[in-house]
file data_21.cif (mmCIF, C-alpha atoms)
data_model
loop_
_atom_site.group_PDB
_atom_site.id
_atom_site.type_symbol
_atom_site.label_atom_id
_atom_site.label_comp_id
_atom_site.auth_asym_id
_atom_site.auth_seq_id
_atom_site.Cartn_x
_atom_site.Cartn_y
_atom_site.Cartn_z
ATOM 1 C CA MET A 1 2.912 23.580 -14.504
ATOM 2 C CA THR A 2 5.942 22.945 -12.395
ATOM 3 C CA SER A 3 6.047 22.861 -8.668
ATOM 4 C CA ARG A 4 8.603 24.974 -6.819
ATOM 5 C CA PRO A 5 10.867 23.386 -4.207
ATOM 6 C CA HIS A 6 9.496 25.428 -1.288
ATOM 7 C CA ARG A 7 5.841 24.364 -1.741
ATOM 8 C CA ALA A 8 5.722 22.397 1.527
ATOM 9 C CA PRO A 9 5.666 25.577 3.683
ATOM 10 C CA LEU A 10 2.804 26.915 1.537
ATOM 11 C CA LEU A 11 0.791 23.749 2.055
ATOM 12 C CA LEU A 12 1.382 23.968 5.805
ATOM 13 C CA ALA A 13 0.352 27.623 5.706
ATOM 14 C CA LEU A 14 -2.836 26.668 3.854
ATOM 15 C CA LEU A 15 -3.695 24.200 6.575
ATOM 16 C CA ALA A 16 -2.954 26.775 9.269
ATOM 17 C CA ALA A 17 -4.970 29.473 7.473
ATOM 18 C CA ALA A 18 -7.939 27.140 7.230
ATOM 19 C CA SER A 19 -8.116 27.283 11.021
ATOM 20 C CA LEU A 20 -8.223 31.122 11.128
ATOM 21 C CA PRO A 21 -11.437 32.702 12.411
ATOM 22 C CA GLY A 22 -12.205 34.207 8.987
ATOM 23 C CA CYS A 23 -12.007 30.797 7.300
ATOM 24 C CA ARG A 24 -15.041 28.619 7.589
ATOM 25 C CA ALA A 25 -15.024 24.896 7.164
ATOM 26 C CA ALA A 26 -16.503 23.728 3.904
ATOM 27 C CA GLU A 27 -20.297 23.802 3.951
ATOM 28 C CA PRO A 28 -22.142 20.482 4.029
ATOM 29 C CA GLY A 29 -21.865 19.161 0.508
ATOM 30 C CA GLY A 30 -18.870 21.423 0.001
ATOM 31 C CA SER A 31 -15.390 20.173 -0.602
ATOM 32 C CA GLU A 32 -11.853 20.302 0.569
ATOM 33 C CA SER A 33 -11.101 22.338 -2.590
ATOM 34 C CA GLN A 34 -13.486 25.038 -1.415
ATOM 35 C CA ALA A 35 -11.809 25.202 1.994
ATOM 36 C CA GLU A 36 -8.419 25.422 0.270
ATOM 37 C CA ALA A 37 -9.666 28.214 -2.027
ATOM 38 C CA GLU A 38 -10.894 30.149 0.994
ATOM 39 C CA ALA A 39 -7.581 29.606 2.795
ATOM 40 C CA LEU A 40 -5.689 30.821 -0.296
ATOM 41 C CA PHE A 41 -7.707 34.028 -0.236
ATOM 42 C CA GLN A 42 -6.886 34.541 3.447
ATOM 43 C CA LEU A 43 -3.191 33.929 2.714
ATOM 44 C CA LEU A 44 -3.321 36.472 -0.105
ATOM 45 C CA ALA A 45 -4.749 39.026 2.331
ATOM 46 C CA THR A 46 -1.879 38.347 4.731
ATOM 47 C CA ALA A 47 0.710 38.556 1.935
ATOM 48 C CA ILE A 48 -0.642 41.916 0.742
ATOM 49 C CA GLN A 49 -0.877 43.393 4.245
ATOM 50 C CA ASP A 50 2.678 42.305 5.091
ATOM 51 C CA ALA A 51 4.149 42.916 1.592
ATOM 52 C CA ASP A 52 5.397 39.322 1.814
ATOM 53 C CA THR A 53 6.898 38.876 -1.643
ATOM 54 C CA ALA A 54 7.929 35.251 -1.044
ATOM 55 C CA LEU A 55 4.378 34.294 -0.069
ATOM 56 C CA ILE A 56 2.927 36.184 -3.046
ATOM 57 C CA GLU A 57 5.278 34.255 -5.343
ATOM 58 C CA ASP A 58 4.185 30.973 -3.732
ATOM 59 C CA LEU A 59 0.489 31.750 -4.173
ATOM 60 C CA PHE A 60 0.654 32.446 -7.924
ATOM 61 C CA TRP A 61 1.694 30.403 -10.938
ATOM 62 C CA PRO A 62 4.631 32.056 -12.774
ATOM 63 C CA GLU A 63 2.402 32.798 -15.798
ATOM 64 C CA ALA A 64 -0.493 34.172 -13.723
ATOM 65 C CA THR A 65 -2.257 37.438 -14.478
ATOM 66 C CA TYR A 66 -3.726 39.999 -12.084
ATOM 67 C CA GLU A 67 -6.161 42.613 -13.322
ATOM 68 C CA ASP A 68 -6.962 45.880 -11.580
ATOM 69 C CA PHE A 69 -10.263 46.962 -13.093
ATOM 70 C CA ALA A 70 -10.258 50.367 -11.366
ATOM 71 C CA THR A 71 -7.148 51.421 -13.293
ATOM 72 C CA GLN A 72 -7.712 49.084 -16.253
ATOM 73 C CA GLN A 73 -4.231 47.605 -15.782
ATOM 74 C CA GLU A 74 -3.175 43.993 -16.196
ATOM 75 C CA TYR A 75 -0.099 42.563 -14.511
ATOM 76 C CA ARG A 76 1.497 39.464 -16.021
ATOM 77 C CA GLY A 77 3.938 37.152 -14.294
ATOM 78 C CA LEU A 78 5.281 37.096 -10.771
ATOM 79 C CA GLU A 79 7.440 40.224 -10.978
ATOM 80 C CA GLU A 80 4.574 42.452 -12.128
ATOM 81 C CA ILE A 81 2.093 40.875 -9.704
ATOM 82 C CA VAL A 82 4.460 41.346 -6.748
ATOM 83 C CA GLY A 83 4.995 44.973 -7.817
ATOM 84 C CA TYR A 84 1.254 45.607 -7.973
ATOM 85 C CA LEU A 85 0.414 43.911 -4.670
ATOM 86 C CA THR A 86 3.191 45.640 -2.717
ATOM 87 C CA ALA A 87 2.767 49.111 -4.304
ATOM 88 C CA ARG A 88 0.518 50.454 -1.539
ATOM 89 C CA HIS A 89 3.423 50.011 0.913
ATOM 90 C CA ARG A 90 5.466 52.484 -1.154
ATOM 91 C CA TRP A 91 3.044 55.313 -0.397
ATOM 92 C CA ALA A 92 1.215 54.279 2.792
ATOM 93 C CA ASP A 93 2.175 53.521 6.362
ATOM 94 C CA GLY A 94 0.136 51.291 8.651
ATOM 95 C CA VAL A 95 -1.183 49.226 5.753
ATOM 96 C CA TYR A 96 -4.173 47.091 6.716
ATOM 97 C CA TRP A 97 -5.658 44.694 4.158
ATOM 98 C CA ASN A 98 -8.234 42.420 5.663
ATOM 99 C CA ALA A 99 -10.335 39.777 3.949
ATOM 100 C CA GLY A 100 -13.983 39.756 4.898
ATOM 101 C CA ARG A 101 -16.476 37.272 3.516
ATOM 102 C CA VAL A 102 -15.040 34.716 1.147
ATOM 103 C CA HIS A 103 -17.223 32.716 -1.204
ATOM 104 C CA ALA A 104 -15.286 29.708 -2.451
ATOM 105 C CA THR A 105 -15.987 27.408 -5.363
ATOM 106 C CA LEU A 106 -14.245 24.281 -6.574
ATOM 107 C CA ASP A 107 -11.798 26.284 -8.715
ATOM 108 C CA GLY A 108 -11.731 29.758 -7.219
ATOM 109 C CA ALA A 109 -12.956 32.259 -4.682
ATOM 110 C CA VAL A 110 -14.554 35.669 -4.474
ATOM 111 C CA GLY A 111 -13.649 37.673 -1.433
ATOM 112 C CA GLU A 112 -14.544 41.040 0.013
ATOM 113 C CA TRP A 113 -11.782 43.125 1.551
ATOM 114 C CA VAL A 114 -11.014 46.377 3.340
ATOM 115 C CA PHE A 115 -7.805 48.324 2.785
ATOM 116 C CA SER A 116 -6.629 51.192 4.944
ATOM 117 C CA GLY A 117 -3.390 53.064 5.308
ATOM 118 C CA VAL A 118 -1.981 56.480 6.080
ATOM 119 C CA HIS A 119 -0.790 58.375 3.005
ATOM 120 C CA ALA A 120 2.850 59.121 3.867
ATOM 121 C CA ARG A 121 4.689 59.354 0.525
ATOM 122 C CA PRO A 122 4.009 60.362 -3.102
ATOM 123 C CA ILE A 123 1.757 58.228 -5.278
ATOM 124 C CA GLY A 124 3.574 58.199 -8.597
ATOM 125 C CA GLY A 125 3.109 61.475 -10.436
ATOM 126 C CA LEU A 126 -0.476 61.798 -9.193
ATOM 127 C CA VAL A 127 0.002 62.958 -5.596
ATOM 128 C CA PRO A 128 3.449 64.557 -5.164
ATOM 129 C CA GLU A 129 3.706 64.363 -1.369
ATOM 130 C CA GLY A 130 2.216 62.539 1.578
ATOM 131 C CA THR A 131 -0.877 64.104 3.106
ATOM 132 C CA GLY A 132 -0.902 62.237 6.433
ATOM 133 C CA ARG A 133 -4.540 61.341 5.764
ATOM 134 C CA GLU A 134 -5.935 57.882 6.399
ATOM 135 C CA VAL A 135 -7.672 56.260 3.469
ATOM 136 C CA VAL A 136 -10.121 53.376 3.574
ATOM 137 C CA LEU A 137 -11.237 51.428 0.502
ATOM 138 C CA TYR A 138 -13.553 48.475 0.076
ATOM 139 C CA GLY A 139 -13.306 46.012 -2.758
ATOM 140 C CA VAL A 140 -13.758 42.528 -4.095
ATOM 141 C CA THR A 141 -11.170 40.168 -5.543
ATOM 142 C CA ILE A 142 -11.938 37.195 -7.743
ATOM 143 C CA LEU A 143 -9.443 34.334 -7.763
ATOM 144 C CA GLU A 144 -9.252 31.614 -10.388
ATOM 145 C CA LEU A 145 -7.237 28.598 -9.316
ATOM 146 C CA GLU A 146 -5.385 25.868 -11.129
ATOM 147 C CA GLY A 147 -4.593 23.195 -8.594
ATOM 148 C CA ASP A 148 -3.395 24.829 -5.404
ATOM 149 C CA ARG A 149 -2.232 28.143 -6.915
ATOM 150 C CA ILE A 150 -3.742 31.269 -8.422
ATOM 151 C CA ILE A 151 -3.684 31.506 -12.220
ATOM 152 C CA ARG A 152 -5.752 34.710 -12.465
ATOM 153 C CA ALA A 153 -6.946 37.345 -10.044
ATOM 154 C CA ALA A 154 -9.020 40.472 -10.552
ATOM 155 C CA ASP A 155 -9.615 43.395 -8.185
ATOM 156 C CA TYR A 156 -12.786 45.463 -8.305
ATOM 157 C CA THR A 157 -12.895 48.678 -6.304
ATOM 158 C CA ASP A 158 -13.911 52.283 -6.739
ATOM 159 C CA THR A 159 -10.869 54.564 -6.554
ATOM 160 C CA ALA A 160 -12.889 57.791 -6.324
ATOM 161 C CA PRO A 161 -13.006 57.496 -2.506
ATOM 162 C CA LEU A 162 -9.198 57.220 -2.446
ATOM 163 C CA TRP A 163 -8.710 60.485 -4.317
ATOM 164 C CA LEU A 164 -11.442 62.239 -2.356
ATOM 165 C CA GLN A 165 -10.008 61.073 0.998
ATOM 166 C CA LEU A 166 -6.617 62.451 -0.053
ATOM 167 C CA GLY A 167 -8.169 65.895 -0.604
ATOM 168 C CA GLY A 168 -8.954 65.644 -4.298
ATOM 169 C CA ARG A 169 -12.100 66.961 -5.967
ATOM 170 C CA ILE A 170 -14.218 65.544 -8.731
ATOM 171 C CA THR A 171 -15.770 68.041 -11.127
ATOM 172 C CA LEU A 172 -18.821 66.690 -12.907
ATOM 173 C CA PRO A 173 -20.130 67.854 -16.267
ATOM 174 C CA GLY A 174 -22.234 70.893 -15.536
ATOM 175 C CA GLY A 175 -19.801 72.156 -12.894
ATOM 176 C CA GLU A 176 -20.940 70.324 -9.749
ATOM 177 C CA ILE A 177 -17.966 69.500 -7.506
ATOM 178 C CA ILE A 178 -17.722 66.473 -5.232
ATOM 179 C CA GLU A 179 -15.408 66.758 -2.245
ATOM 180 C CA TRP A 180 -14.792 64.460 0.713
ATOM 181 C CA ASP A 181 -16.901 65.436 3.705
ATOM 182 C CA GLY A 182 -15.355 62.884 6.042
ATOM 183 C CA ASN A 183 -18.208 60.367 5.816
#

call {"tool": "encode", "arguments": {"input": "data_21.cif", "output": "structure tokens"}}
result
Amino acid sequence: MTSRPHRAPLLLALLAAASLPGCRAAEPGGSESQAEAEALFQLLATAIQDADTALIEDLFWPEATYEDFATQQEYRGLEEIVGYLTARHRWADGVYWNAGRVHATLDGAVGEWVFSGVHARPIGGLVPEGTGREVVLYGVTILELEGDRIIRAADYTDTAPLWLQLGGRITLPGGEIIEWDGN
């Protein structure tokens, strides 16, 4: 794997992120690698919230993959990963993507997150116009690291709440209908 010329700012950002309130110091018996993995997760949260394409590119190896298990899609390489991670900004205003608890290992991290935004524009061919409704989703992302960068990431979330919060309905076999009641 080759290092990119602008890695020094990423390393400084990792050190700065390690001091954020959401980042804990490595547990006794833990390691610097675990603290770095946790800081990488926090940086990813910032990059997604801000649609910071340069930071996203710095966080991932060029041959990395990112899987979205809710839609059963896999994104390969930096261009596809950047497209996936910035897509919510194409349809939502006021994007908030905040990392919660992060559980770091020597070669990765698992982190909980909350996403919210106001649906302002179409979502592909699925929702033709903005509804003005706020949506809130909870999920988990698994990161696998090689050195100080992400080689694979996977998002796990339930998208049913998204569609229900936008005014959609789910019809179950047998005819029962689930609609969003605001809770």

call {"tool": "residues_around", "arguments": {"input": "data_21.cif", "residues": "Leu55 of chain A", "least_positions_apart": "5", "cutoff": "9 Å", "atoms": "all atoms listed in the file", "output": "PyMOL selection string"}}
result
chain A and resi 10+43-44+46-47+60

call {"tool": "closest_residue", "arguments": {"input": "data_21.cif", "among": "A:Pro173, A:Val82, A:Tyr75, A:Ala70", "to": "Leu137 of chain A", "atoms": "all atoms listed in the file"}}
result
A:Ala70

call {"tool": "residues_around", "arguments": {"input": "data_21.cif", "residues": "segment 140-143 of chain A", "least_positions_apart": "2", "cutoff": "8 Å", "atoms": "only C-alpha atoms", "output": "MDAnalysis selection string"}}
result
chainID A and resid 41 108:113 138 145 150:157

call {"tool": "atom_distance", "arguments": {"input": "data_21.cif", "atom1": "atom CA of Leu40 of chain A", "atom2": "atom CA of Val118 of chain A"}}
result
26.7 Å

call {"tool": "residues_around", "arguments": {"input": "data_21.cif", "residues": "Glu57 of chain A", "least_positions_apart": "3", "cutoff": "9 Å", "atoms": "only C-alpha atoms", "output": "mmCIF file with C-alpha atoms, keeping the file's coordinate frame"}}
result
data_model
loop_
_atom_site.group_PDB
_atom_site.id
_atom_site.type_symbol
_atom_site.label_atom_id
_atom_site.label_comp_id
_atom_site.auth_asym_id
_atom_site.auth_seq_id
_atom_site.Cartn_x
_atom_site.Cartn_y
_atom_site.Cartn_z
ATOM 1 C CA ASP A 52 5.397 39.322 1.814
ATOM 2 C CA THR A 53 6.898 38.876 -1.643
ATOM 3 C CA ALA A 54 7.929 35.251 -1.044
ATOM 4 C CA PHE A 60 0.654 32.446 -7.924
ATOM 5 C CA TRP A 61 1.694 30.403 -10.938
ATOM 6 C CA PRO A 62 4.631 32.056 -12.774
ATOM 7 C CA LEU A 78 5.281 37.096 -10.771
ATOM 8 C CA GLU A 79 7.440 40.224 -10.978
ATOM 9 C CA ILE A 81 2.093 40.875 -9.704
ATOM 10 C CA VAL A 82 4.460 41.346 -6.748
#

call {"tool": "atom_distance", "arguments": {"input": "data_21.cif", "atom1": "atom CA of Ala51 of chain A", "atom2": "atom CA of Gln34 of chain A"}}
result
25.3 Å

call {"tool": "closest_residue", "arguments": {"input": "data_21.cif", "among": "A:Asp181, A:Asp158, A:Asp107, A:Glu63", "to": "Glu36 of chain A", "atoms": "all atoms listed in the file"}}
result
A:Asp107

call {"tool": "closest_residue", "arguments": {"input": "data_21.cif", "among": "A:Gly77, A:Gly182, A:Gly147, A:Gly100", "to": "Glu134 of chain A", "atoms": "all atoms listed in the file"}}
result
A:Gly182

call {"tool": "residues_around", "arguments": {"input": "data_21.cif", "residues": "Pro128 of chain A", "least_positions_apart": "4", "cutoff": "12 Å", "atoms": "only C-alpha atoms", "output": "ChimeraX atom specification"}}
result
/A:91,119-124,166

call {"tool": "closest_residue", "arguments": {"input": "data_21.cif", "among": "A:Ala92, A:Glu38, A:Ala160, A:Arg149", "to": "Asp58 of chain A", "atoms": "only C-alpha atoms"}}
result
A:Arg149

call {"tool": "resolve_selection", "arguments": {"input": "data_21.cif", "expression": "the PyMOL selection byres ((chain A and resi 174-180) around 10)", "output": "JSON list (two decimals) with C-alpha atoms, keeping the file's coordinate frame"}}
result
[["chain", "number", "residue", "atom", "x", "y", "z"],
["A", 160, "ALA", "CA", -12.89, 57.79, -6.32],
["A", 161, "PRO", "CA", -13.01, 57.50, -2.51],
["A", 162, "LEU", "CA", -9.20, 57.22, -2.45],
["A", 163, "TRP", "CA", -8.71, 60.48, -4.32],
["A", 164, "LEU", "CA", -11.44, 62.24, -2.36],
["A", 165, "GLN", "CA", -10.01, 61.07, 1.00],
["A", 166, "LEU", "CA", -6.62, 62.45, -0.05],
["A", 167, "GLY", "CA", -8.17, 65.90, -0.60],
["A", 168, "GLY", "CA", -8.95, 65.64, -4.30],
["A", 169, "ARG", "CA", -12.10, 66.96, -5.97],
["A", 170, "ILE", "CA", -14.22, 65.54, -8.73],
["A", 171, "THR", "CA", -15.77, 68.04, -11.13],
["A", 172, "LEU", "CA", -18.82, 66.69, -12.91],
["A", 173, "PRO", "CA", -20.13, 67.85, -16.27],
["A", 181, "ASP", "CA", -16.90, 65.44, 3.70],
["A", 182, "GLY", "CA", -15.36, 62.88, 6.04],
["A", 183, "ASN", "CA", -18.21, 60.37, 5.82]]

call {"tool": "atom_distance", "arguments": {"input": "data_21.cif", "atom1": "atom CA of Gly117 of chain A", "atom2": "atom CA of Glu67 of chain A"}}
result
21.5 Å

call {"tool": "closest_residue", "arguments": {"input": "data_21.cif", "among": "A:Gln42, A:Gln73, A:Ser116, A:Ser33", "to": "Val95 of chain A", "atoms": "all atoms listed in the file"}}
result
A:Ser116
